[in-house]
$ cat structure_18.csv   # CSV, C-alpha atoms and all ligand atoms
chain,number,residue,atom,x,y,z
A,852,MET,CA,-5.2,6.9,-28.2
A,853,LYS,CA,-7.3,8.0,-25.3
A,854,SER,CA,-10.5,6.7,-26.8
A,855,ARG,CA,-8.8,3.3,-27.4
A,856,ILE,CA,-7.8,3.3,-23.8
A,857,ARG,CA,-11.4,4.1,-22.8
A,858,ILE,CA,-12.7,1.2,-24.9
A,859,VAL,CA,-10.1,-1.1,-23.2
A,860,LEU,CA,-11.2,0.1,-19.8
A,861,LEU,CA,-14.9,-0.4,-20.7
A,862,VAL,CA,-14.1,-4.0,-21.8
A,863,VAL,CA,-12.3,-4.7,-18.6
A,864,LEU,CA,-15.1,-3.2,-16.5
A,865,VAL,CA,-17.7,-5.3,-18.3
A,866,ALA,CA,-15.5,-8.4,-17.8
A,867,LEU,CA,-15.2,-7.5,-14.1
A,868,LEU,CA,-19.0,-7.1,-13.7
A,869,ALA,CA,-19.7,-10.3,-15.6
A,870,SER,CA,-17.5,-12.5,-13.5
A,871,PRO,CA,-16.5,-10.9,-10.2
A,872,VAL,CA,-15.1,-14.0,-8.7
A,873,LEU,CA,-12.9,-14.9,-11.6
A,874,ALA,CA,-11.6,-11.4,-12.1
A,875,SER,CA,-10.5,-10.9,-8.5
A,876,GLY,CA,-8.1,-13.9,-8.6
A,877,LEU,CA,-8.5,-14.4,-4.9
A,878,PRO,CA,-8.9,-18.0,-3.6
A,879,GLU,CA,-12.5,-19.0,-3.6
A,880,GLY,CA,-14.5,-17.7,-0.6
A,881,PHE,CA,-12.4,-14.6,-0.2
A,882,VAL,CA,-13.3,-11.0,-1.1
A,883,TYR,CA,-11.9,-7.5,-0.9
A,884,ILE,CA,-13.5,-5.6,1.9
A,885,THR,CA,-14.0,-2.4,-0.2
A,886,ASP,CA,-15.9,-4.4,-2.8
A,887,VAL,CA,-18.4,-5.4,-0.2
A,888,ILE,CA,-18.3,-2.1,1.9
A,889,PRO,CA,-17.5,0.8,-0.5
A,890,THR,CA,-17.5,3.3,2.4
A,891,ALA,CA,-14.8,1.4,4.4
A,892,LYS,CA,-11.5,3.3,4.6
A,893,LEU,CA,-8.2,1.4,4.7
A,894,ASP,CA,-5.0,2.2,6.6
A,895,ILE,CA,-3.1,-1.0,6.1
A,896,ARG,CA,-0.3,-0.5,8.6
A,897,TYR,CA,1.6,-3.7,7.7
A,898,TYR,CA,1.9,-2.5,4.1
A,899,THR,CA,3.4,0.8,5.3
A,900,GLY,CA,6.4,1.0,7.5
A,901,TYR,CA,4.4,2.5,10.4
A,902,ASN,CA,3.8,-0.5,12.5
A,903,PHE,CA,5.5,-2.1,15.5
A,904,VAL,CA,8.1,-3.7,13.3
A,905,GLY,CA,8.9,-0.5,11.5
A,906,THR,CA,9.0,-1.9,8.0
A,907,ARG,CA,6.7,-3.4,5.4
A,908,ILE,CA,5.6,-6.9,6.5
A,909,GLU,CA,6.2,-9.9,4.3
A,910,GLY,CA,3.2,-10.8,2.1
A,911,TYR,CA,1.6,-7.3,2.1
A,912,HIS,CA,2.1,-6.3,-1.6
A,913,ALA,CA,-0.7,-3.8,-1.8
A,914,PRO,CA,-2.6,-1.5,0.7
A,915,THR,CA,-5.8,-3.5,0.6
A,916,ALA,CA,-7.9,-5.7,2.9
A,917,ILE,CA,-9.2,-9.2,2.2
A,918,LEU,CA,-11.7,-11.3,4.3
A,919,THR,CA,-13.7,-14.5,3.9
A,920,LYS,CA,-17.1,-13.7,2.2
A,921,GLU,CA,-18.9,-14.6,5.5
A,922,ALA,CA,-16.8,-12.2,7.6
A,923,ALA,CA,-17.1,-9.4,5.0
A,924,GLU,CA,-20.9,-9.8,4.9
A,925,ALA,CA,-21.0,-9.6,8.7
A,926,LEU,CA,-18.7,-6.6,8.7
A,927,LYS,CA,-21.1,-5.0,6.2
A,928,GLN,CA,-23.9,-5.4,8.7
A,929,ALA,CA,-21.8,-3.7,11.4
A,930,ALA,CA,-20.8,-0.9,9.0
A,931,GLU,CA,-24.5,-0.3,8.3
A,932,ILE,CA,-25.3,0.0,12.0
A,933,LEU,CA,-22.4,2.4,12.5
A,934,ASP,CA,-23.3,4.4,9.4
A,935,GLU,CA,-26.7,5.2,11.0
A,936,GLN,CA,-24.8,6.5,14.1
A,937,GLY,CA,-22.5,8.8,12.0
A,938,TYR,CA,-19.5,6.6,11.6
A,939,TYR,CA,-17.6,4.8,8.8
A,940,ILE,CA,-15.2,1.9,9.6
A,941,LYS,CA,-11.4,2.2,9.1
A,942,VAL,CA,-9.6,-1.2,8.7
A,943,PHE,CA,-6.0,-1.6,9.8
A,944,ASP,CA,-5.7,-5.3,9.0
A,945,ALA,CA,-7.9,-8.2,7.9
A,946,TYR,CA,-6.7,-11.5,6.3
A,947,ARG,CA,-3.0,-11.9,7.2
A,948,PRO,CA,-0.8,-14.4,5.3
A,949,LEU,CA,1.2,-16.9,7.3
A,950,ARG,CA,4.5,-15.5,6.0
A,951,ALA,CA,3.6,-12.2,7.7
A,952,VAL,CA,3.2,-13.9,11.0
A,953,GLU,CA,6.6,-15.6,10.5
A,954,HIS,CA,8.0,-12.1,9.9
A,955,PHE,CA,6.6,-11.0,13.3
A,956,VAL,CA,8.1,-14.0,15.0
A,957,LEU,CA,11.6,-13.4,13.5
A,958,TRP,CA,11.4,-9.7,14.5
A,959,ALA,CA,10.3,-10.6,18.0
A,960,GLN,CA,13.4,-12.9,18.3
A,961,ASP,CA,15.7,-10.1,17.3
A,962,LEU,CA,16.0,-8.2,20.6
A,963,ASP,CA,18.4,-5.6,19.2
A,964,ASP,CA,15.7,-4.3,16.9
A,965,GLN,CA,13.6,-1.9,19.0
A,966,LYS,CA,13.2,1.0,16.6
A,967,MET,CA,9.4,1.3,17.1
A,968,LYS,CA,9.4,0.8,20.9
A,969,ALA,CA,8.5,4.3,21.8
A,970,ASP,CA,5.4,4.3,19.6
A,971,PHE,CA,4.1,0.7,20.1
A,972,TYR,CA,5.5,-0.9,23.3
A,973,PRO,CA,7.2,1.7,25.5
A,974,GLU,CA,6.5,-0.2,28.7
A,975,VAL,CA,6.8,-3.8,27.6
A,976,ASP,CA,10.2,-5.6,27.4
A,977,LYS,CA,10.6,-7.0,23.9
A,978,GLU,CA,11.8,-10.3,25.3
A,979,ARG,CA,8.4,-10.8,27.0
A,980,LEU,CA,6.2,-10.2,23.8
A,981,PHE,CA,5.6,-13.9,23.3
A,982,GLU,CA,4.9,-14.6,27.0
A,983,LEU,CA,2.4,-11.7,27.2
A,984,GLY,CA,0.7,-12.8,24.1
A,985,TYR,CA,1.4,-9.8,21.9
A,986,VAL,CA,3.2,-11.9,19.4
A,987,ALA,CA,2.1,-15.5,18.7
A,988,LEU,CA,3.4,-18.2,16.4
A,989,ARG,CA,-0.1,-18.3,14.7
A,990,SER,CA,-2.7,-15.7,14.2
A,991,GLY,CA,-6.4,-16.1,13.8
A,992,HIS,CA,-6.0,-13.4,11.0
A,993,SER,CA,-4.6,-16.1,8.8
A,994,ARG,CA,-7.9,-17.9,8.9
A,995,GLY,CA,-9.4,-15.0,7.1
A,996,SER,CA,-12.3,-14.0,9.4
A,997,VAL,CA,-10.6,-11.6,11.8
A,998,VAL,CA,-10.4,-7.9,11.3
A,999,ASP,CA,-8.6,-5.0,13.1
A,1000,LEU,CA,-10.6,-1.7,12.8
A,1001,THR,CA,-11.6,1.5,14.3
A,1002,LEU,CA,-14.3,4.2,13.8
A,1003,ILE,CA,-14.0,7.4,11.9
A,1004,TYR,CA,-16.5,10.3,11.8
A,1005,LYS,CA,-18.5,10.3,8.5
A,1006,ASP,CA,-18.2,14.1,8.1
A,1007,THR,CA,-14.5,14.7,8.9
A,1008,LEU,CA,-13.1,11.1,8.3
A,1009,ASP,CA,-11.1,11.8,11.5
A,1010,GLU,CA,-10.4,8.8,13.8
A,1011,VAL,CA,-12.6,8.5,16.9
A,1012,ASP,CA,-10.6,8.7,20.1
A,1013,MET,CA,-10.3,5.2,21.4
A,1014,GLY,CA,-7.8,6.0,24.2
A,1015,SER,CA,-4.8,4.1,22.6
A,1016,PRO,CA,-3.6,3.6,19.1
A,1017,PHE,CA,-4.0,0.5,17.0
A,1018,ASP,CA,-1.4,-2.2,17.9
A,1019,PHE,CA,-0.3,-0.5,21.1
A,1020,PHE,CA,1.0,-3.3,23.4
A,1021,GLY,CA,-0.2,-2.5,26.9
A,1022,GLU,CA,-3.0,-2.6,29.4
A,1023,ILE,CA,-4.5,0.6,28.0
A,1024,SER,CA,-5.5,-1.3,24.9
A,1025,HIS,CA,-7.6,-3.8,26.9
A,1026,HIS,CA,-11.4,-3.7,27.1
A,1027,GLY,CA,-12.4,-2.6,30.5
A,1028,THR,CA,-9.2,-0.8,31.3
A,1029,ASP,CA,-9.4,2.1,33.8
A,1030,LEU,CA,-6.6,3.9,32.0
A,1031,ILE,CA,-8.9,5.6,29.6
A,1032,THR,CA,-11.7,8.3,30.0
A,1033,PRO,CA,-15.4,7.4,30.1
A,1034,GLU,CA,-15.8,9.0,26.7
A,1035,GLN,CA,-13.0,6.9,25.2
A,1036,GLU,CA,-14.6,3.8,26.8
A,1037,ALA,CA,-18.0,4.8,25.3
A,1038,ASN,CA,-16.4,5.1,21.9
A,1039,ARG,CA,-14.9,1.6,22.1
A,1040,ASN,CA,-18.3,0.3,23.1
A,1041,ILE,CA,-20.0,1.9,20.1
A,1042,LEU,CA,-17.7,-0.2,17.9
A,1043,ARG,CA,-18.0,-3.3,20.1
A,1044,ASP,CA,-21.8,-3.2,20.2
A,1045,ALA,CA,-22.1,-3.0,16.4
A,1046,MET,CA,-19.5,-5.7,15.9
A,1047,VAL,CA,-21.1,-8.1,18.4
A,1048,ALA,CA,-24.6,-7.4,16.9
A,1049,ALA,CA,-23.1,-8.4,13.5
A,1050,GLY,CA,-21.7,-11.7,14.8
A,1051,PHE,CA,-18.2,-10.8,15.9
A,1052,GLU,CA,-16.4,-11.6,19.1
A,1053,PRO,CA,-14.2,-9.0,20.8
A,1054,TYR,CA,-10.7,-9.8,22.0
A,1055,PRO,CA,-10.2,-8.8,25.7
A,1056,GLU,CA,-6.6,-7.5,25.1
A,1057,GLU,CA,-7.1,-5.4,22.0
A,1058,TRP,CA,-10.0,-3.0,21.5
A,1059,TRP,CA,-9.5,-3.1,17.6
A,1060,HIS,CA,-9.5,-6.9,17.1
A,1061,TYR,CA,-12.7,-8.8,16.2
A,1062,ARG,CA,-13.2,-12.4,15.1
A,1063,LEU,CA,-16.3,-13.7,13.3
A,1064,ALA,CA,-17.8,-16.1,15.9
A,1065,ASP,CA,-19.1,-18.5,13.2
A,1066,GLU,CA,-15.9,-18.4,11.1
A,1067,PRO,CA,-15.9,-20.6,8.0
A,1068,TYR,CA,-12.3,-21.9,8.4
A,1069,THR,CA,-11.7,-22.9,12.0
A,1070,ASP,CA,-8.4,-24.7,11.6
A,1071,ARG,CA,-7.2,-23.7,8.1
A,1072,TYR,CA,-4.4,-21.1,7.8
A,1073,PHE,CA,-3.8,-19.4,4.5
A,1074,ASP,CA,-0.6,-18.0,3.0
A,1075,PHE,CA,-1.6,-16.2,-0.3
A,1076,PRO,CA,-0.3,-12.7,-0.4
A,1077,VAL,CA,-2.3,-9.5,0.0
A,1078,ASP,CA,-2.3,-8.2,-3.6
A,1079,SER,CA,-4.5,-5.6,-5.3
A,1080,PRO,CA,-7.4,-6.8,-7.6
A,1081,ASP,CA,-5.5,-5.4,-10.6
A,1082,PHE,CA,-2.4,-7.2,-9.7
A,1083,GLN,CA,-4.2,-10.5,-9.5
A,1084,SER,CA,-5.4,-10.2,-13.1
A,1085,TRP,CA,-1.9,-9.2,-14.4
A,1086,ARG,CA,0.0,-12.1,-12.9
A,1087,GLY,CA,1.0,-13.6,-16.2
A,1088,VAL,CA,2.3,-10.4,-17.8
A,1089,LEU,CA,3.9,-9.3,-14.5
A,1090,ASP,CA,6.3,-12.3,-14.6
A,1091,GLU,CA,7.2,-11.5,-18.2
A,1092,ALA,CA,7.7,-7.8,-17.4
A,1093,MET,CA,9.8,-8.7,-14.4
A,1094,GLU,CA,12.0,-11.2,-16.2
A,1095,LYS,CA,12.6,-8.9,-19.2
A,1096,SER,CA,13.4,-6.0,-16.9
A,1097,VAL,CA,15.9,-8.0,-15.0
A,1098,GLU,CA,17.4,-9.4,-18.2
A,1099,ARG,CA,17.8,-6.0,-19.8
A,1100,ALA,CA,19.2,-4.5,-16.6
A,1101,ARG,CA,21.7,-7.3,-16.3
A,1102,GLN,CA,22.8,-6.9,-19.9
A,1103,THR,CA,23.4,-3.1,-19.8
A,1104,MET,CA,24.9,-3.4,-16.3
A,1105,ASN,CA,27.5,-5.9,-17.7
A,1106,GLU,CA,28.2,-3.5,-20.6
A,1107,ASN,CA,28.8,-0.8,-18.1
A,1108,ILE,CA,25.9,1.3,-19.5
A,1109,GLY,CA,24.3,1.8,-16.1
A,1110,GLY,CA,23.2,0.4,-12.7
A,1111,PRO,CA,21.3,-2.8,-12.1
A,1112,PHE,CA,17.9,-1.2,-12.9
A,1113,GLY,CA,15.3,-2.2,-15.5
A,1114,ALA,CA,11.7,-1.3,-16.1
A,1115,ALA,CA,8.8,-2.3,-18.4
A,1116,ILE,CA,5.5,-0.7,-19.3
A,1117,PHE,CA,2.6,-2.9,-20.1
A,1118,ASP,CA,-1.1,-2.3,-20.9
A,1119,MET,CA,-4.2,-3.8,-19.3
A,1120,GLU,CA,-4.5,-6.4,-22.0
A,1121,GLY,CA,-1.2,-7.8,-20.9
A,1122,ASN,CA,1.0,-6.4,-23.8
A,1123,ILE,CA,4.4,-5.2,-22.9
A,1124,ILE,CA,4.9,-1.9,-24.7
A,1125,VAL,CA,8.6,-1.2,-23.8
A,1126,VAL,CA,11.5,-2.6,-21.8
A,1127,ALA,CA,14.3,-0.2,-20.7
A,1128,SER,CA,17.2,0.0,-18.4
A,1129,ASN,CA,19.4,2.5,-16.6
A,1130,SER,CA,21.8,4.2,-19.1
A,1131,VAL,CA,23.3,7.0,-16.9
A,1132,LEU,CA,26.9,6.1,-17.6
A,1133,ARG,CA,26.6,5.6,-21.4
A,1134,ASP,CA,24.5,8.7,-21.9
A,1135,HIS,CA,26.3,10.9,-19.4
A,1136,ASP,CA,22.7,11.6,-18.2
A,1137,PRO,CA,22.0,11.5,-14.5
A,1138,THR,CA,18.3,11.4,-15.3
A,1139,ALA,CA,18.5,8.3,-17.5
A,1140,HIS,CA,17.0,6.0,-14.9
A,1141,ALA,CA,15.2,2.8,-16.2
A,1142,GLU,CA,11.7,4.2,-15.4
A,1143,VAL,CA,12.4,7.6,-17.1
A,1144,ASN,CA,13.9,5.8,-20.1
A,1145,ALA,CA,10.8,3.5,-20.3
A,1146,ILE,CA,8.4,6.4,-20.0
A,1147,ARG,CA,10.2,8.3,-22.8
A,1148,GLU,CA,10.3,5.3,-25.0
A,1149,ALA,CA,6.6,4.4,-24.4
A,1150,GLY,CA,5.7,8.0,-25.3
A,1151,ARG,CA,7.6,7.7,-28.6
A,1152,VAL,CA,6.2,4.3,-29.4
A,1153,LEU,CA,2.6,5.2,-28.6
A,1154,GLY,CA,2.8,8.8,-30.0
A,1155,THR,CA,1.5,10.4,-26.8
A,1156,HIS,CA,2.6,12.0,-23.6
A,1157,ASP,CA,-0.4,10.5,-21.8
A,1158,LEU,CA,0.2,7.0,-20.6
A,1159,SER,CA,-3.2,6.7,-18.7
A,1160,GLY,CA,-4.1,3.0,-18.2
A,1161,TYR,CA,-0.6,1.7,-18.6
A,1162,ILE,CA,1.3,-0.1,-15.8
A,1163,LEU,CA,5.0,0.3,-14.9
A,1164,TYR,CA,7.1,-2.5,-13.5
A,1165,ALA,CA,10.6,-1.5,-12.1
A,1166,THR,CA,13.3,-3.8,-10.7
A,1167,GLY,CA,13.8,-1.3,-7.8
A,1168,TYR,CA,11.4,1.0,-5.9
A,1169,PRO,CA,11.4,4.2,-8.0
A,1170,CYS,CA,13.4,7.2,-6.8
A,1171,PRO,CA,11.5,10.5,-6.2
A,1172,MET,CA,12.4,11.7,-9.8
A,1173,CYS,CA,11.0,8.5,-11.3
A,1174,LEU,CA,7.9,8.5,-9.1
A,1175,ALA,CA,7.2,12.1,-10.2
A,1176,ALA,CA,7.9,11.2,-13.9
A,1177,THR,CA,5.4,8.3,-13.5
A,1178,ILE,CA,2.8,10.6,-12.1
A,1179,TRP,CA,3.4,13.2,-14.9
A,1180,SER,CA,2.9,10.4,-17.4
A,1181,ASN,CA,-0.6,9.5,-15.8
A,1182,ILE,CA,0.5,6.0,-15.1
A,1183,SER,CA,-1.4,5.2,-11.9
A,1184,HIS,CA,0.0,1.8,-10.9
A,1185,VAL,CA,3.6,0.9,-10.2
A,1186,ILE,CA,4.9,-2.5,-9.2
A,1187,TYR,CA,8.5,-2.8,-8.0
A,1188,GLY,CA,10.9,-5.6,-7.2
A,1189,ALA,CA,13.7,-4.7,-4.8
A,1190,ARG,CA,12.9,-2.3,-1.9
A,1191,PRO,CA,14.7,1.0,-1.2
A,1192,GLU,CA,16.7,-0.7,1.6
A,1193,ASP,CA,17.9,-3.3,-0.9
A,1194,ALA,CA,19.3,-0.5,-3.1
A,1195,GLU,CA,20.8,1.2,-0.1
A,1196,ALA,CA,22.5,-2.0,0.9
A,1197,ILE,CA,24.6,-1.9,-2.4
A,1198,GLY,CA,25.3,1.8,-2.0
A,1199,PHE,CA,22.5,3.5,-3.9
A,1200,ARG,CA,20.8,6.1,-1.7
A,1201,ASP,CA,17.4,7.8,-2.5
A,1202,ASP,CA,16.7,8.4,1.1
A,1203,PHE,CA,18.2,11.9,1.3
A,1204,ILE,CA,16.1,13.1,-1.6
A,1205,TYR,CA,12.9,11.9,0.2
A,1206,ARG,CA,14.1,13.5,3.4
A,1207,PHE,CA,14.8,16.8,1.6
A,1208,ILE,CA,11.2,16.8,0.1
A,1209,GLU,CA,9.6,15.7,3.4
A,1210,GLY,CA,11.6,18.3,5.2
A,1211,GLY,CA,9.9,21.1,3.2
A,1212,ARG,CA,12.8,21.5,0.6
A,1213,VAL,CA,14.7,23.9,2.8
A,1214,ASP,CA,17.9,22.0,3.6
A,1215,SER,CA,20.4,24.2,1.7
A,1216,SER,CA,23.2,21.7,2.3
A,1217,ILE,CA,21.4,19.5,-0.3
A,1218,LEU,CA,19.9,22.1,-2.6
A,1219,LEU,CA,19.5,25.9,-2.2
A,1220,ILE,CA,16.3,27.1,-4.0
A,1221,GLU,CA,15.9,30.9,-4.4
A,1222,GLU,CA,13.2,33.1,-6.1
A,1223,TYR,CA,14.1,35.7,-8.8
A,1224,GLY,CA,12.3,37.3,-11.8
A,1225,ARG,CA,8.8,36.4,-10.8
A,1226,ASP,CA,7.1,39.2,-12.7
A,1227,ALA,CA,8.5,38.4,-16.1
A,1228,CYS,CA,7.8,34.7,-15.6
A,1229,VAL,CA,4.2,35.2,-14.5
A,1230,GLU,CA,3.7,37.4,-17.6
A,1231,LEU,CA,4.8,34.4,-19.7
A,1232,PHE,CA,2.4,32.1,-17.9
A,1233,GLN,CA,-0.4,34.6,-18.5
A,1234,GLU,CA,0.3,34.6,-22.2
A,1235,TYR,CA,0.0,30.8,-22.2
A,1236,ALA,CA,-3.3,30.9,-20.3
A,1237,GLU,CA,-4.6,33.3,-22.9
A,1238,MET,CA,-3.7,30.9,-25.7
A,1239,GLN,CA,-6.1,28.4,-24.1
A,1240,LYS,CA,-3.8,25.5,-24.8
A,1241,GLN,CA,-4.1,22.1,-23.2
A,1242,ILE,CA,-2.9,21.5,-19.7
A,1243,TYR,CA,-1.1,18.2,-19.2
A,1301,ZN,ZN,14.9,7.0,-10.6

$ encode --input "structure_18.csv" --output "structure tokens"
Amino acid sequence: MKSRIRIVLLVVLVALLASPVLASGLPEGFVYITDVIPTAKLDIRYYTGYNFVGTRIEGYHAPTAILTKEAAEALKQAAEILDEQGYYIKVFDAYRPLRAVEHFVLWAQDLDDQKMKADFYPEVDKERLFELGYVALRSGHSRGSVVDLTLIYKDTLDEVDMGSPFDFFGEISHHGTDLITPEQEANRNILRDAMVAAGFEPYPEEWWHYRLADEPYTDRYFDFPVDSPDFQSWRGVLDEAMEKSVERARQTMNENIGGPFGAAIFDMEGNIIVVASNSVLRDHDPTAHAEVNAIREAGRVLGTHDLSGYILYATGYPCPMCLAATIWSNISHVIYGARPEDAEAIGFRDDFIYRFIEGGRVDSSILLIEEYGRDACVELFQEYAEMQKQIY
């Protein structure tokens, strides 16, 4: 099985090398930053919930960064200058779909939602965000040649101290502010000098924001989503996996077999291997989630516990158990439909499990974990190690 997967991978790789533009699936003229600058690190804040809105932004489907070819080539020049000085670049945002900007605008109009105020705009009234220019109806990012970035040290990968965090709304983020130390100002200037030398223009109010002066699209705004390269090439099978997962989930939900959760596993050639759904109620099995059922069935169908190279689609963001099961199976790419908050809205709650894990697994009101019998169990482990069996 594994060698077959390797052959498939090799074929895919050869195909990618032969036709990079076709394989990426991006609109013509756009590229992934990490394809052009392999040393660039990404921290795509609008994909994570850690941004001024406090949730994933519309249109950010994968933690990746896209630019026009021209902007990416110029950024590469800047990265080379910075590399010689001991820095890599870390990108927070690049091309931004129009729908993301619309999300910002809707958020800005909702004055009740101030959950990220302390971190991103402690001294700015939310009602003044438009007037002060922190949120706008249109963003240059949607033209594809604007990038938000900082510097990291090559040796530690730690962020260089710029005096204020990315997306902090306030005077301290302006170029030339006297609210930062001379060293912080010097750090901002290292980034600025390299970016300007490569053809970018700084933005006076945000030390992290740079626009390619000679941008190829001056009045064209794009709305294609920020997807991963893999995702682009799976678009056909994804629709099928999604539809089948929803259909199966609806069917078993109506038969009272389980909740509204379905999952499918497919391979890189676009073949759906299994479709499964939640069967907790029928099986009297609290672990019979759609993803776990799909993984178990795929293992049986394929005759292996190793699902390397397969992709999992799930109708809902997987719970911690299913995420762990997915990692155990060696599946390394998950695509989901509904978000955790969508499941929460209908009464399903995974949040407390995540909080238990993130809190160090010590909240005994959720689960009390105690140690007993270590010697005998370690002896058993030792016997296994001496048998030199496979580790999976
Ligand atoms: Zn689950």

$ residues_near_ligand --input "structure_18.csv" --ligand "ligand ZN 1301 (chain A)" --cutoff "6 Å" --atoms "only C-alpha atoms and all ligand atoms" --output "JSON, numbers by chain"
{"A": [1140, 1169, 1170, 1172, 1173]}

$ atom_distance --input "structure_18.csv" --atom1 "atom CA of A:Phe1051" --atom2 "atom CA of A:Ala925"
7.8 Å

$ residues_near_point --input "structure_18.csv" --point "(-3.2, -2.3, 1.1)" --cutoff "6 Å" --atoms "only C-alpha atoms" --output "ChimeraX atom specification"
/A:895,898,913-915

$ atom_distance --input "structure_18.csv" --atom1 "atom CA of A:Ile1116" --atom2 "atom CA of A:Pro1191"
20.4 Å

$ atom_distance --input "structure_18.csv" --atom1 "atom CA of A:Met1093" --atom2 "atom CA of A:Phe1112"
11.1 Å

$ closest_residue --input "structure_18.csv" --among "A:Leu983, A:Val1131, A:Ala930, A:Leu1063" --to "A:Ile884" --atoms "all atoms listed in the file"
A:Ala930

$ residues_around --input "structure_18.csv" --residues "stretch 1068-1081 of chain A" --least-positions-apart "2" --cutoff "10 Å" --atoms "all atoms listed in the file" --output "mmCIF file with C-alpha atoms, in the frame of the given file"
data_model
loop_
_atom_site.group_PDB
_atom_site.id
_atom_site.type_symbol
_atom_site.label_atom_id
_atom_site.label_comp_id
_atom_site.auth_asym_id
_atom_site.auth_seq_id
_atom_site.Cartn_x
_atom_site.Cartn_y
_atom_site.Cartn_z
ATOM 1 C CA ALA A 874 -11.600 -11.400 -12.100
ATOM 2 C CA SER A 875 -10.500 -10.900 -8.500
ATOM 3 C CA GLY A 876 -8.100 -13.900 -8.600
ATOM 4 C CA LEU A 877 -8.500 -14.400 -4.900
ATOM 5 C CA PRO A 878 -8.900 -18.000 -3.600
ATOM 6 C CA VAL A 882 -13.300 -11.000 -1.100
ATOM 7 C CA TYR A 883 -11.900 -7.500 -0.900
ATOM 8 C CA TYR A 898 1.900 -2.500 4.100
ATOM 9 C CA GLU A 909 6.200 -9.900 4.300
ATOM 10 C CA GLY A 910 3.200 -10.800 2.100
ATOM 11 C CA TYR A 911 1.600 -7.300 2.100
ATOM 12 C CA HIS A 912 2.100 -6.300 -1.600
ATOM 13 C CA ALA A 913 -0.700 -3.800 -1.800
ATOM 14 C CA PRO A 914 -2.600 -1.500 0.700
ATOM 15 C CA THR A 915 -5.800 -3.500 0.600
ATOM 16 C CA ALA A 916 -7.900 -5.700 2.900
ATOM 17 C CA ILE A 917 -9.200 -9.200 2.200
ATOM 18 C CA THR A 919 -13.700 -14.500 3.900
ATOM 19 C CA ALA A 945 -7.900 -8.200 7.900
ATOM 20 C CA TYR A 946 -6.700 -11.500 6.300
ATOM 21 C CA ARG A 947 -3.000 -11.900 7.200
ATOM 22 C CA PRO A 948 -0.800 -14.400 5.300
ATOM 23 C CA LEU A 949 1.200 -16.900 7.300
ATOM 24 C CA ARG A 950 4.500 -15.500 6.000
ATOM 25 C CA ALA A 951 3.600 -12.200 7.700
ATOM 26 C CA VAL A 952 3.200 -13.900 11.000
ATOM 27 C CA ARG A 989 -0.100 -18.300 14.700
ATOM 28 C CA SER A 990 -2.700 -15.700 14.200
ATOM 29 C CA GLY A 991 -6.400 -16.100 13.800
ATOM 30 C CA HIS A 992 -6.000 -13.400 11.000
ATOM 31 C CA SER A 993 -4.600 -16.100 8.800
ATOM 32 C CA ARG A 994 -7.900 -17.900 8.900
ATOM 33 C CA GLY A 995 -9.400 -15.000 7.100
ATOM 34 C CA SER A 996 -12.300 -14.000 9.400
ATOM 35 C CA ALA A 1064 -17.800 -16.100 15.900
ATOM 36 C CA ASP A 1065 -19.100 -18.500 13.200
ATOM 37 C CA GLU A 1066 -15.900 -18.400 11.100
ATOM 38 C CA GLN A 1083 -4.200 -10.500 -9.500
ATOM 39 C CA SER A 1084 -5.400 -10.200 -13.100
ATOM 40 C CA TRP A 1085 -1.900 -9.200 -14.400
ATOM 41 C CA ARG A 1086 0.000 -12.100 -12.900
ATOM 42 C CA MET A 1119 -4.200 -3.800 -19.300
ATOM 43 C CA HIS A 1184 0.000 1.800 -10.900
#

$ closest_residue --input "structure_18.csv" --among "A:Val904, A:Val1152, A:Leu1174, A:Val1011" --to "A:Asn1040" --atoms "only C-alpha atoms"
A:Val1011

$ closest_residue --input "structure_18.csv" --among "A:Leu933, A:Leu1089, A:Ile1146, A:Ala1127" --to "A:Leu1042" --atoms "all atoms listed in the file"
A:Leu933

$ closest_residue --input "structure_18.csv" --among "A:Leu1002, A:Ala1048, A:Ala1115, A:Ala1100" --to "A:Gln936" --atoms "all atoms listed in the file"
A:Leu1002

$ closest_residue --input "structure_18.csv" --among "A:Glu1098, A:Glu1057, A:Glu1237, A:Glu1052" --to "A:Asp1018" --atoms "only C-alpha atoms"
A:Glu1057

$ residues_around --input "structure_18.csv" --residues "A:Asp1157" --least-positions-apart "5" --cutoff "8 Å" --atoms "all atoms listed in the file" --output "JSON, numbers by chain"
{"A": [1150, 1180, 1181]}

$ closest_residue --input "structure_18.csv" --among "A:Lys1005, A:Arg1043, A:His1025, A:Lys966" --to "A:Ala929" --atoms "only C-alpha atoms"
A:Arg1043
